[in-house]
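J.: Next comes work.txt, compact mmCIF, C-alpha atoms:
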```txt
# COMPACT_ATOMS: atom_id res chain seq x y z
CA MET A 1 -4.80 -22.71 7.70
CA LEU A 2 -2.99 -20.39 5.31
CA LYS A 3 -2.91 -22.71 2.28
CA GLY A 4 -4.76 -21.20 -0.66
CA ARG A 5 -5.33 -17.85 1.04
CA HIS A 6 -4.66 -14.39 -0.42
CA LEU A 7 -2.74 -11.53 1.17
CA ILE A 8 -4.17 -8.13 0.28
CA GLU A 9 -3.60 -6.22 3.52
CA PRO A 10 -1.62 -7.06 6.67
CA ASN A 11 -4.73 -7.51 8.79
CA ASP A 12 -6.02 -10.28 6.49
CA PHE A 13 -4.14 -12.62 8.82
CA THR A 14 -4.71 -13.10 12.53
CA ILE A 15 -1.88 -12.56 15.01
CA GLN A 16 -1.59 -16.36 15.33
CA GLU A 17 -1.30 -16.76 11.56
CA LEU A 18 1.35 -14.03 11.41
CA ASP A 19 3.19 -15.82 14.21
CA GLU A 20 3.18 -19.02 12.16
CA ILE A 21 4.77 -17.16 9.24
CA PHE A 22 7.39 -15.47 11.43
CA THR A 23 8.26 -18.72 13.20
CA LEU A 24 8.76 -20.40 9.84
CA ALA A 25 10.82 -17.43 8.57
CA GLU A 26 13.06 -17.70 11.63
CA ASP A 27 13.54 -21.39 10.96
CA ILE A 28 14.48 -20.61 7.34
CA ILE A 29 17.03 -18.05 8.61
CA LYS A 30 18.48 -20.75 10.88
CA LYS A 31 18.71 -23.53 8.27
CA PRO A 32 18.00 -22.24 4.75
CA GLU A 33 19.32 -25.43 3.12
CA ALA A 34 16.39 -27.37 4.57
CA TYR A 35 14.05 -25.32 2.44
CA SER A 36 15.99 -25.15 -0.81
CA ASP A 37 13.69 -27.60 -2.58
CA VAL A 38 10.30 -27.13 -0.93
CA CYS A 39 8.83 -25.28 -3.92
CA LYS A 40 10.32 -27.52 -6.58
CA GLY A 41 7.84 -27.75 -9.45
CA LYS A 42 5.91 -24.69 -8.28
CA LEU A 43 5.57 -21.59 -10.43
CA LEU A 44 5.29 -18.00 -9.17
CA ALA A 45 3.80 -15.38 -11.52
CA THR A 46 5.10 -11.87 -10.89
CA LEU A 47 2.57 -9.40 -12.33
CA PHE A 48 4.25 -6.02 -12.03
CA TYR A 49 2.13 -3.37 -13.75
CA GLU A 50 4.62 -0.72 -12.67
CA PRO A 51 8.36 -0.90 -12.21
CA SER A 52 9.77 -2.10 -8.91
CA THR A 53 13.19 -3.55 -8.40
CA ARG A 54 13.35 -4.22 -4.70
CA THR A 55 10.02 -5.96 -4.15
CA ARG A 56 10.17 -7.95 -7.39
CA PHE A 57 13.75 -9.12 -6.77
CA SER A 58 12.86 -10.01 -3.21
CA PHE A 59 9.95 -12.22 -4.36
CA GLU A 60 11.95 -13.74 -7.19
CA ALA A 61 14.92 -14.45 -4.93
CA ALA A 62 12.55 -15.98 -2.38
CA MET A 63 10.97 -18.35 -4.91
CA LEU A 64 14.30 -19.31 -6.48
CA ARG A 65 15.83 -20.03 -3.07
CA LEU A 66 12.92 -22.37 -2.41
CA GLY A 67 13.64 -24.28 -5.60
CA GLY A 68 10.62 -22.91 -7.49
CA SER A 69 10.40 -21.09 -10.83
CA ILE A 70 9.16 -17.71 -12.00
CA ILE A 71 7.24 -16.25 -14.92
CA GLY A 72 5.97 -12.70 -15.19
CA PHE A 73 6.33 -9.19 -16.47
CA SER A 74 7.88 -6.10 -14.98
CA GLU A 75 5.97 -3.47 -16.93
CA ALA A 76 2.51 -3.71 -18.41
CA GLN A 77 3.47 -2.23 -21.81
CA SER A 78 4.99 -5.47 -23.03
CA THR A 79 1.89 -7.58 -22.31
CA SER A 80 -1.70 -8.11 -23.41
CA VAL A 81 -2.61 -5.54 -20.76
CA ALA A 82 -1.42 -2.92 -23.22
CA LYS A 83 -4.04 -4.27 -25.63
CA GLY A 84 -6.70 -3.50 -23.05
CA GLU A 85 -7.04 -6.81 -21.23
CA SER A 86 -8.86 -6.54 -17.91
CA ILE A 87 -7.30 -7.53 -14.60
CA ALA A 88 -9.96 -10.22 -14.26
CA ASP A 89 -8.97 -11.85 -17.56
CA THR A 90 -5.23 -11.55 -16.89
CA ILE A 91 -5.46 -13.30 -13.52
CA ARG A 92 -7.75 -16.04 -14.88
CA THR A 93 -5.26 -16.74 -17.65
CA ILE A 94 -2.26 -16.67 -15.30
CA GLY A 95 -4.13 -19.09 -13.02
CA CYS A 96 -4.00 -21.63 -15.87
CA TYR A 97 -0.20 -21.61 -15.76
CA ALA A 98 1.07 -20.62 -12.31
CA ASP A 99 0.51 -21.81 -8.74
CA ILE A 100 0.66 -18.42 -7.02
CA ALA A 101 0.70 -14.78 -8.17
CA VAL A 102 2.26 -11.59 -6.87
CA MET A 103 0.77 -8.34 -8.14
CA ARG A 104 1.96 -4.75 -8.06
CA HIS A 105 -0.38 -2.22 -9.63
CA PRO A 106 -0.51 1.59 -9.64
CA LYS A 107 -4.27 1.54 -9.04
CA GLU A 108 -5.53 1.07 -5.50
CA GLY A 109 -7.59 -2.08 -4.95
CA ALA A 110 -6.34 -3.88 -8.10
CA PRO A 111 -5.12 -7.02 -6.22
CA LYS A 112 -8.44 -7.20 -4.39
CA LEU A 113 -10.22 -7.16 -7.72
CA ALA A 114 -7.85 -9.85 -9.01
CA LEU A 115 -8.54 -12.25 -6.13
CA LYS A 116 -12.24 -12.27 -6.98
CA TYR A 117 -11.42 -13.99 -10.26
CA SER A 118 -8.38 -15.98 -9.19
CA ASN A 119 -8.13 -19.70 -8.54
CA ILE A 120 -4.58 -19.30 -7.18
CA PRO A 121 -3.38 -17.28 -4.16
CA VAL A 122 -2.78 -13.59 -4.91
CA ILE A 123 -0.25 -11.56 -2.93
CA ASN A 124 -0.46 -7.77 -3.03
CA ALA A 125 3.03 -6.38 -3.70
CA GLY A 126 1.83 -2.77 -3.49
CA ASP A 127 -1.24 -1.06 -4.92
CA GLY A 128 -0.62 2.66 -5.35
CA GLY A 129 -0.56 4.49 -2.05
CA HIS A 130 -2.90 1.94 -0.50
CA GLN A 131 -1.35 -1.27 0.90
CA HIS A 132 2.00 -3.03 0.78
CA PRO A 133 1.50 -5.95 3.19
CA THR A 134 4.76 -7.81 2.57
CA GLN A 135 6.68 -4.66 3.57
CA THR A 136 4.73 -4.70 6.82
CA LEU A 137 5.52 -8.41 7.29
CA THR A 138 9.20 -7.56 6.66
CA ASP A 139 9.10 -4.82 9.29
CA LEU A 140 7.36 -7.04 11.83
CA LEU A 141 9.82 -9.91 11.32
CA THR A 142 12.76 -7.50 11.67
CA ILE A 143 11.41 -6.20 14.98
CA ARG A 144 10.52 -9.67 16.24
CA TYR A 145 13.89 -11.15 15.30
CA LEU A 146 16.11 -8.31 16.50
CA LYS A 147 14.09 -7.13 19.51
CA LYS A 148 12.87 -10.64 20.45
CA SER A 149 9.20 -9.60 20.66
CA LEU A 150 6.50 -7.57 18.94
CA SER A 151 5.22 -6.19 22.25
CA ASN A 152 6.54 -3.68 24.80
CA HIS A 153 8.37 -1.25 22.53
CA THR A 154 8.56 2.49 22.03
CA ILE A 155 8.77 3.11 18.31
CA GLY A 156 9.57 6.45 16.71
CA LEU A 157 8.39 6.95 13.14
CA CYS A 158 10.16 9.80 11.41
CA GLY A 159 9.75 11.69 8.14
CA ASP A 160 6.77 11.68 5.83
CA LEU A 161 4.02 10.30 8.04
CA LYS A 162 1.21 11.82 6.01
CA PHE A 163 1.62 9.99 2.71
CA GLY A 164 3.82 7.05 3.71
CA ARG A 165 1.73 3.90 3.29
CA THR A 166 4.53 1.85 4.88
CA VAL A 167 4.19 3.82 8.09
CA HIS A 168 0.38 3.64 8.08
CA SER A 169 0.41 -0.15 7.64
CA LEU A 170 3.09 -0.68 10.26
CA VAL A 171 1.30 1.48 12.83
CA LYS A 172 -1.94 -0.39 12.20
CA ALA A 173 -0.20 -3.77 12.41
CA LEU A 174 1.77 -2.94 15.58
CA SER A 175 -1.33 -1.60 17.32
CA ARG A 176 -2.55 -5.22 17.46
CA TYR A 177 0.27 -6.01 19.90
CA GLU A 178 0.55 -5.15 23.59
CA ASN A 179 2.18 -2.13 25.18
CA ILE A 180 3.43 -0.33 22.09
CA LYS A 181 4.09 3.38 22.43
CA PHE A 182 4.21 5.42 19.22
CA ILE A 183 6.18 8.61 18.78
CA PHE A 184 5.40 10.41 15.51
CA ILE A 185 8.21 12.69 14.38
CA SER A 186 7.46 14.87 11.36
CA PRO A 187 7.17 18.44 10.13
CA SER A 188 3.66 19.79 10.69
CA GLU A 189 2.96 19.54 6.93
CA LEU A 190 3.58 15.78 6.94
CA GLN A 191 1.90 14.72 10.19
CA ILE A 192 0.25 11.34 10.57
CA PRO A 193 -3.44 11.50 9.52
CA GLN A 194 -6.14 11.60 12.18
CA TYR A 195 -7.77 8.38 10.94
CA ILE A 196 -4.58 6.44 11.68
CA LYS A 197 -4.44 7.91 15.19
CA ASP A 198 -8.09 6.92 15.64
CA GLU A 199 -7.13 3.28 15.04
CA LEU A 200 -4.47 3.13 17.76
CA LYS A 201 -6.85 1.25 20.06
CA GLY A 202 -5.78 2.93 23.27
CA HIS A 203 -2.03 2.79 22.65
CA GLU A 204 -0.12 5.79 23.94
CA TYR A 205 1.25 8.18 21.32
CA TYR A 206 3.12 11.47 21.18
CA GLU A 207 3.70 13.85 18.29
CA THR A 208 6.71 16.08 17.83
CA SER A 209 8.67 17.80 15.11
CA ASN A 210 11.99 17.36 16.92
CA LEU A 211 13.82 14.02 16.55
CA GLU A 212 16.57 14.85 19.07
CA GLU A 213 14.01 15.63 21.75
CA VAL A 214 12.76 12.02 21.79
CA ILE A 215 15.60 9.87 20.44
CA ASP A 216 16.75 8.70 23.91
CA LYS A 217 13.31 7.15 24.53
CA LEU A 218 13.19 4.95 21.45
CA ASP A 219 13.65 1.18 21.13
CA ILE A 220 13.04 1.39 17.39
CA LEU A 221 13.54 4.33 15.03
CA TYR A 222 11.75 3.90 11.71
CA MET A 223 12.97 6.43 9.15
CA THR A 224 11.08 7.16 5.91
CA ARG A 225 11.79 8.95 2.70
CA VAL A 226 10.10 12.23 1.84
CA GLN A 227 8.87 11.27 -1.62
CA ARG A 228 9.00 13.80 -4.42
CA GLU A 229 5.93 12.32 -6.17
CA ARG A 230 3.72 13.02 -3.15
CA PHE A 231 4.11 16.77 -3.51
CA ILE A 232 2.17 19.01 -5.85
CA SER A 233 4.73 21.79 -5.58
CA GLU A 234 8.44 21.25 -6.21
CA GLU A 235 9.27 24.18 -3.86
CA GLU A 236 7.43 22.50 -1.01
CA TYR A 237 9.37 19.26 -1.64
CA LEU A 238 12.72 21.02 -1.70
CA ARG A 239 11.91 22.87 1.50
CA LEU A 240 10.99 19.71 3.44
CA LYS A 241 13.12 16.93 1.98
CA ASP A 242 16.12 17.52 4.23
CA SER A 243 14.12 18.24 7.36
CA TYR A 244 14.85 14.98 9.08
CA ILE A 245 18.27 13.66 8.21
CA LEU A 246 19.67 11.14 10.67
CA THR A 247 23.35 11.65 11.48
CA THR A 248 25.73 10.08 14.03
CA GLU A 249 25.55 13.38 15.92
CA LYS A 250 21.77 13.02 16.33
CA LEU A 251 22.26 9.43 17.49
CA LYS A 252 24.53 10.28 20.42
CA ASN A 253 21.71 10.13 22.99
CA ALA A 254 20.01 7.07 21.50
CA LYS A 255 19.86 3.77 23.41
CA GLU A 256 22.66 1.29 22.74
CA ASP A 257 20.21 -1.39 21.66
CA MET A 258 17.90 0.83 19.60
CA ILE A 259 17.46 -0.35 16.02
CA ILE A 260 17.26 1.99 13.02
CA MET A 261 14.92 0.74 10.29
CA HIS A 262 14.11 2.07 6.83
CA PRO A 263 11.95 0.50 4.08
CA LEU A 264 14.49 1.61 1.43
CA PRO A 265 15.32 3.07 -1.02
CA ARG A 266 17.07 5.73 0.99
CA VAL A 267 17.73 9.10 -0.59
CA ASN A 268 19.45 11.27 1.96
CA GLU A 269 17.36 10.94 5.13
CA ILE A 270 20.02 8.72 6.72
CA ALA A 271 23.59 9.97 6.35
CA MET A 272 26.00 7.34 4.96
CA GLU A 273 28.09 7.57 8.15
CA VAL A 274 25.19 5.94 10.06
CA ASP A 275 25.54 2.74 7.98
CA ASN A 276 28.55 1.71 10.09
CA ASP A 277 26.63 2.08 13.35
CA LYS A 278 25.64 -1.35 14.73
CA ARG A 279 22.14 -0.02 15.34
CA ALA A 280 21.58 0.49 11.61
CA VAL A 281 19.65 -2.60 10.50
CA TYR A 282 18.03 -1.44 7.25
CA PHE A 283 20.06 -3.73 5.00
CA LYS A 284 19.39 -6.67 7.33
CA GLN A 285 15.75 -5.62 7.10
CA ALA A 286 15.85 -6.03 3.30
CA ARG A 287 17.21 -9.56 3.83
CA PHE A 288 14.46 -10.32 6.34
CA GLY A 289 12.07 -9.22 3.59
CA MET A 290 13.25 -12.10 1.45
CA PHE A 291 12.97 -14.60 4.33
CA VAL A 292 9.46 -13.52 5.25
CA ARG A 293 8.40 -13.80 1.58
CA MET A 294 9.89 -17.31 1.49
CA ALA A 295 7.82 -18.23 4.54
CA LEU A 296 4.72 -16.63 3.01
CA LEU A 297 5.09 -18.51 -0.29
CA ILE A 298 5.53 -21.81 1.58
CA LYS A 299 2.47 -21.19 3.74
CA LEU A 300 0.15 -20.06 0.93
CA LEU A 301 1.26 -22.95 -1.27
CA GLY A 302 0.93 -25.38 1.63
CA VAL A 303 4.28 -27.05 0.96
CA GLU A 304 5.78 -26.82 4.44
CA ASN A 305 5.89 -30.59 4.78
CA ASN A 306 8.29 -30.81 1.84
CA ALA A 307 11.05 -29.35 4.04
CA MET B 1 -53.60 26.55 -1.19
CA LEU B 2 -53.06 24.02 -3.94
CA ASN B 3 -55.39 21.02 -3.76
CA ILE B 4 -54.38 17.59 -4.93
CA ASP B 5 -56.89 14.76 -4.66
CA ALA B 6 -56.25 12.09 -2.05
CA ILE B 7 -55.17 8.84 -3.63
CA LYS B 8 -57.17 5.64 -3.22
CA LYS B 9 -54.43 3.09 -3.62
CA GLY B 10 -50.77 3.90 -4.05
CA ILE B 11 -47.79 5.54 -2.41
CA VAL B 12 -47.03 8.90 -0.88
CA ILE B 13 -43.38 9.81 -0.50
CA ASP B 14 -43.29 12.40 2.24
CA HIS B 15 -40.75 14.58 4.04
CA ILE B 16 -38.52 14.95 0.99
CA LYS B 17 -36.01 17.71 1.52
CA ALA B 18 -37.27 20.77 -0.41
CA GLY B 19 -35.62 20.83 -3.82
CA CYS B 20 -34.91 17.09 -3.94
CA GLY B 21 -38.35 15.98 -5.09
CA TYR B 22 -37.60 16.29 -8.79
CA LYS B 23 -34.47 14.15 -8.48
CA ILE B 24 -36.44 11.37 -6.82
CA PHE B 25 -39.26 11.81 -9.33
CA LYS B 26 -36.78 11.24 -12.15
CA GLU B 27 -34.92 8.45 -10.33
CA LEU B 28 -38.16 6.49 -9.98
CA GLY B 29 -38.96 7.03 -13.66
CA LEU B 30 -42.17 8.85 -12.76
CA ASP B 31 -41.64 11.39 -15.55
CA LYS B 32 -42.54 8.55 -17.94
CA ALA B 33 -45.47 7.20 -15.89
CA ASP B 34 -48.84 6.61 -17.56
CA TYR B 35 -50.70 6.59 -14.24
CA THR B 36 -51.52 9.52 -11.99
CA VAL B 37 -48.53 11.04 -10.24
CA ALA B 38 -48.01 14.38 -8.54
CA LEU B 39 -44.85 16.16 -7.53
CA ILE B 40 -45.58 18.93 -5.11
CA LYS B 41 -42.74 21.26 -4.22
CA ASN B 42 -42.19 23.53 -1.25
CA VAL B 43 -45.12 22.33 0.82
CA HIS B 44 -45.26 23.89 4.29
CA SER B 45 -43.88 21.50 6.91
CA LYS B 46 -43.74 21.86 10.69
CA LYS B 47 -40.68 19.62 10.83
CA LEU B 48 -38.71 20.86 7.84
CA GLY B 49 -40.13 24.34 7.19
CA LYS B 50 -40.56 23.40 3.54
CA LYS B 51 -40.68 19.95 1.98
CA ASP B 52 -41.38 18.19 -1.30
CA LEU B 53 -43.99 15.48 -1.71
CA ILE B 54 -44.72 12.83 -4.34
CA LYS B 55 -48.08 11.08 -4.73
CA ILE B 56 -48.31 7.96 -6.89
CA GLU B 57 -51.70 6.47 -7.75
CA ASN B 58 -50.30 3.03 -8.47
CA GLU B 59 -48.50 0.13 -6.79
CA ILE B 60 -44.89 0.25 -7.84
CA ASP B 61 -41.73 -1.38 -6.54
CA LEU B 62 -39.60 1.23 -4.81
CA ASP B 63 -35.86 0.85 -4.50
CA LEU B 64 -35.57 1.85 -0.86
CA THR B 65 -31.77 1.71 -1.02
CA VAL B 66 -31.62 4.39 -3.67
CA LEU B 67 -34.21 6.51 -1.88
CA GLY B 68 -32.36 6.10 1.44
CA LEU B 69 -29.18 7.26 -0.22
CA ILE B 70 -30.80 10.31 -1.77
CA ASP B 71 -32.57 11.35 1.42
CA PRO B 72 -32.66 9.10 4.52
CA ASN B 73 -35.25 11.35 6.17
CA ILE B 74 -37.96 10.44 3.68
CA THR B 75 -41.14 8.73 4.87
CA ILE B 76 -43.05 6.35 2.61
CA ASN B 77 -46.77 5.90 3.14
CA ILE B 78 -48.49 2.96 1.51
CA ILE B 79 -52.11 3.92 0.87
CA GLU B 80 -55.10 1.65 0.55
CA ASN B 81 -58.72 2.82 0.52
CA GLU B 82 -57.47 6.39 1.00
CA LYS B 83 -55.88 5.39 4.33
CA ILE B 84 -52.28 4.83 5.36
CA LYS B 85 -51.82 1.06 5.48
CA GLU B 86 -48.09 1.14 6.23
CA LYS B 87 -45.50 3.78 7.10
CA ILE B 88 -41.88 3.12 6.17
CA LYS B 89 -39.14 5.27 7.69
CA LEU B 90 -36.03 5.24 5.58
CA SER B 91 -32.47 5.23 6.82
CA LEU B 92 -29.06 5.25 5.23
CA PRO B 93 -28.40 1.75 3.89
CA LYS B 94 -25.46 -0.03 5.59
CA LYS B 95 -24.22 -1.41 2.26
CA VAL B 96 -24.91 -0.28 -1.28
CA LYS B 97 -23.93 -2.09 -4.43
CA GLY B 98 -23.67 -0.71 -7.94
CA ILE B 99 -25.03 2.76 -7.15
CA LEU B 100 -22.20 4.90 -5.82
CA ARG B 101 -18.99 5.64 -7.68
CA CYS B 102 -15.61 5.92 -6.00
CA LYS B 103 -14.26 9.45 -5.98
CA ASN B 104 -10.64 8.37 -5.56
CA PRO B 105 -8.91 8.96 -8.94
CA ARG B 106 -6.30 6.32 -8.02
CA CYS B 107 -8.94 3.61 -7.42
CA VAL B 108 -8.98 0.54 -9.68
CA THR B 109 -12.70 1.11 -10.31
CA THR B 110 -11.77 4.15 -12.42
CA ILE B 111 -10.04 1.98 -15.04
CA GLU B 112 -11.76 -1.40 -14.86
CA LYS B 113 -15.39 -2.10 -15.74
CA ILE B 114 -16.85 -3.25 -12.44
CA GLY B 115 -20.62 -3.02 -12.25
CA ASP B 116 -21.32 -3.95 -8.65
CA VAL B 117 -18.82 -2.06 -6.50
CA GLU B 118 -19.88 -2.35 -2.87
CA PHE B 119 -19.72 0.60 -0.49
CA THR B 120 -20.05 0.24 3.27
CA LEU B 121 -21.42 2.98 5.51
CA VAL B 122 -18.65 4.11 7.87
CA ASP B 123 -20.12 7.29 9.36
CA GLU B 124 -23.83 8.04 9.58
CA ASN B 125 -23.34 11.68 10.53
CA THR B 126 -21.08 12.55 7.63
CA LYS B 127 -22.88 10.06 5.33
CA GLU B 128 -19.53 8.57 4.37
CA TYR B 129 -19.21 5.27 2.54
CA LYS B 130 -16.03 3.23 2.06
CA CYS B 131 -15.09 1.72 -1.30
CA GLU B 132 -14.53 -2.04 -1.07
CA TYR B 133 -11.44 -1.86 -3.27
CA CYS B 134 -9.39 1.17 -2.26
CA ASP B 135 -10.99 1.92 1.16
CA ALA B 136 -11.32 5.60 0.19
CA LYS B 137 -14.30 7.32 1.74
CA THR B 138 -16.92 8.87 -0.48
CA SER B 139 -19.32 11.29 1.12
CA LEU B 140 -22.87 11.59 -0.14
CA LEU B 141 -22.76 15.22 0.87
CA THR B 142 -20.02 15.87 -1.66
CA ASN B 143 -21.70 13.58 -4.17
CA ALA B 144 -24.98 15.44 -4.42
CA LYS B 145 -26.96 18.29 -2.90
CA CYS B 146 -29.86 15.99 -2.05
```
Produce structure tokens that represent the structure in this file.
T.:
Amino acid sequence: MLKGRHLIEPNDFTIQELDEIFTLAEDIIKKPEAYSDVCKGKLLATLFYEPSTRTRFSFEAAMLRLGGSIIGFSEAQSTSVAKGESIADTIRTIGCYADIAVMRHPKEGAPKLALKYSNIPVINAGDGGHQHPTQTLTDLLTIRYLKKSLSNHTIGLCGDLKFGRTVHSLVKALSRYENIKFIFISPSELQIPQYIKDELKGHEYYETSNLEEVIDKLDILYMTRVQRERFISEEEYLRLKDSYILTTEKLKNAKEDMIIMHPLPRVNEIAMEVDNDKRAVYFKQARFGMFVRMALLIKLLGVENNA
Amino acid sequence: MLNIDAIKKGIVIDHIKAGCGYKIFKELGLDKADYTVALIKNVHSKKLGKKDLIKIENEIDLDLTVLGLIDPNITINIIENEKIKEKIKLSLPKKVKGILRCKNPRCVTTIEKIGDVEFTLVDENTKEYKCEYCDAKTSLLTNAKC
């Protein structure tokens, strides 16, 4: 039963519960009109303590497409938070008005603190470098929908594997499924941390710094951005940012049915020419993000029967 | 050899790592005690080479969680009629609430007033505890010398 639950990290839900969400999302993709009124009369509060366009728009679009309404803020400066209100008080007040809340906060653990005081479901929309569970749900739905299963894949994760929370969450989430082989492709400075490798639960993995060496083995290639804010030194950033740029040339040995994913925004790690390749699914992925958030809102609000 | 009288009824905190006795003495508020207490430093020990020792001629409530955090190798002897009535071997507590502070500068506990943050022991060898909010690991070894 997902009604009334919170989502703070991807593993808050069992595989069966995730399946329920993905099955519903796939049904929404098939017949979106059947769901256009399910959240009528319901109010989503978007509590964005730091700017985010993609995630906030995705949630807002999801709620509006379900016939619900939205209140919220997109930066903390314009709210009582700027006057020093605690997270506990903010969420208790919001709970008086809204039916469900989405929170993005620069401090790690903020949504978990919020849920302790909340009488409405809280969804973590990113807390610092910690968790971003709806991105993971987006990635899982994309794989499930386009590759027909979440098991039996070789996935290559490329770029900044050291700081990328998206990669860490996805690896952790995929390691709950059967027969997944991970290939970690990164410069030595940005390798995946040991504690993530420790959690692979017996899944096979391979580390390399050469994308072309492994590209023919991949069913999924997950590209990530080398983020400027993760580096202490600007020189170090400039030296590494172009290390792993995907071009059509590099794709020539890739499988015909491989999919190229990216959490977006892209800077320059995927050349524009790749966008026309049928294997490039990162914009579809963004759309799946909206569908999976629609399914999540429906499940947590318990309004599935309104469809 | 320094001689301290045996206590009739009270507590002996033994096998304290040499140098940590004063911290425990302060932590237990014994510096303000109006009953007989003794802190003995650098006592010869077969097991440790040197150790600290605290004798308390009184029945007091000990916070074993705090003591376990400071030094899990401590032994507590409860004394009655000058004899050991009970021996308590400490260990690292599995969960601690409201004692440790998260070392992660990005953690929500650094900006919000939360009194009872819970930490869970994740590695006994490295004495690492995980913050319930941000999951960052805080090591007691980096927290304090004792």
J.: So which residues touch Ser139 (chain B) within 12 Å, counting all atoms listed in the file, skipping near sequence neighbours fewer than 3 positions away, as an MDAnalysis selection string?
T.: chainID B and resid 69:70 100:104 119:131 136 142:146
J.: Which chain B residues are at most 7 Å from chain A (counting all atoms listed in the file), as a PyMOL selection string?
T.: chain B and resi 106-108+112+133-134
J.: Would you list the contacts of Glu304 (chain A) as a list in words, taking every protein, DNA or RNA residue within 12 Å and counting only C-alpha atoms, but skipping same-chain residues closer than 2 positions in sequence?
T.: Met1, Leu2, Lys3, Glu20, Ile21, Leu24, Ala25, Asp27, Ile28, Ala34, Tyr35, Ser36, Asp37, Val38, Cys39, Lys40, Leu66, Met294, Ala295, Leu296, Leu297, Ile298, Lys299, Leu300, Leu301, Gly302, Asn306 and Ala307 of chain A
J.: Counting all atoms listed in the file, which residues of region 2-23 of chain A fall within 9 Å of region 117-126 of chain A, and what is the closest atom pair for each with its distance in Å at one decimal, ordered by chain and rising number, as a tab-separated table?
T.:
```
residue	atom	partner	partner_atom	distance
A:Lys3	CA	A:Pro121	CA	8.4
A:Gly4	CA	A:Pro121	CA	5.4
A:Arg5	CA	A:Pro121	CA	5.6
A:His6	CA	A:Pro121	CA	4.9
A:Leu7	CA	A:Ile123	CA	4.8
A:Ile8	CA	A:Asn124	CA	5.0
A:Glu9	CA	A:Asn124	CA	7.4
```
J.: With distances taken over all atoms listed in the file, which of A:Gly72, A:Pro133, A:Pro32, A:Gly41 is nearest to Asp12 (chain A)?
T.: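 Looking only at the distances to Asp12 (chain A), the closest residue turns out to be A:Pro133.
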J.: Give me, please, the distance in Å between CA of Ala33 (chain B) and CA of Val12 (chain B), quoted to one decimal.
T.: 15.2 Å
J.: What does the structure give for the distance between CA of Leu47 (chain A) and CA of Ala101 (chain A), in Å to one decimal?
T.: 7.1 Å
J.: Hey, what's within 6 Å of region 188-199 of chain A if we count only C-alpha atoms and toss same-chain stuff fewer than 2 positions away? As a ChimeraX atom specification, please?
T.: /A:160-162,186,201
J.: Would you kindly return, as number ranges by chain, each protein, DNA or RNA residue with an atom no farther than 8 Å from any atom of region 44-61 of chain B, considering only C-alpha atoms and excluding same-chain residues fewer than 2 positions away?
T.: B: 7-21, 25, 35-42, 63
J.: Excluding Glu86 (chain B) and any residue of its chain fewer than 4 positions from it, enumerate the residues within 8 Å of it, using all atoms listed in the file, and give them as a PDB file with C-alpha atoms, keeping the file's coordinate frame.
T.:
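Listing of selection34.pdb after writing:
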```pdb
ATOM      1  CA  ASN B  77     -46.770   5.900   3.140  1.00  0.00           C
ATOM      2  CA  ILE B  78     -48.490   2.960   1.510  1.00  0.00           C
ATOM      3  CA  ILE B  79     -52.110   3.920   0.870  1.00  0.00           C
TER       4      ILE B  79
END
```
J.: Between CA of Val117 (chain B) and CA of Leu44 (chain A), what is the distance, to one decimal in Å?
T.: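 Separating CA of Val117 (chain B) from CA of Leu44 (chain A) is a distance of 29.0 Å.
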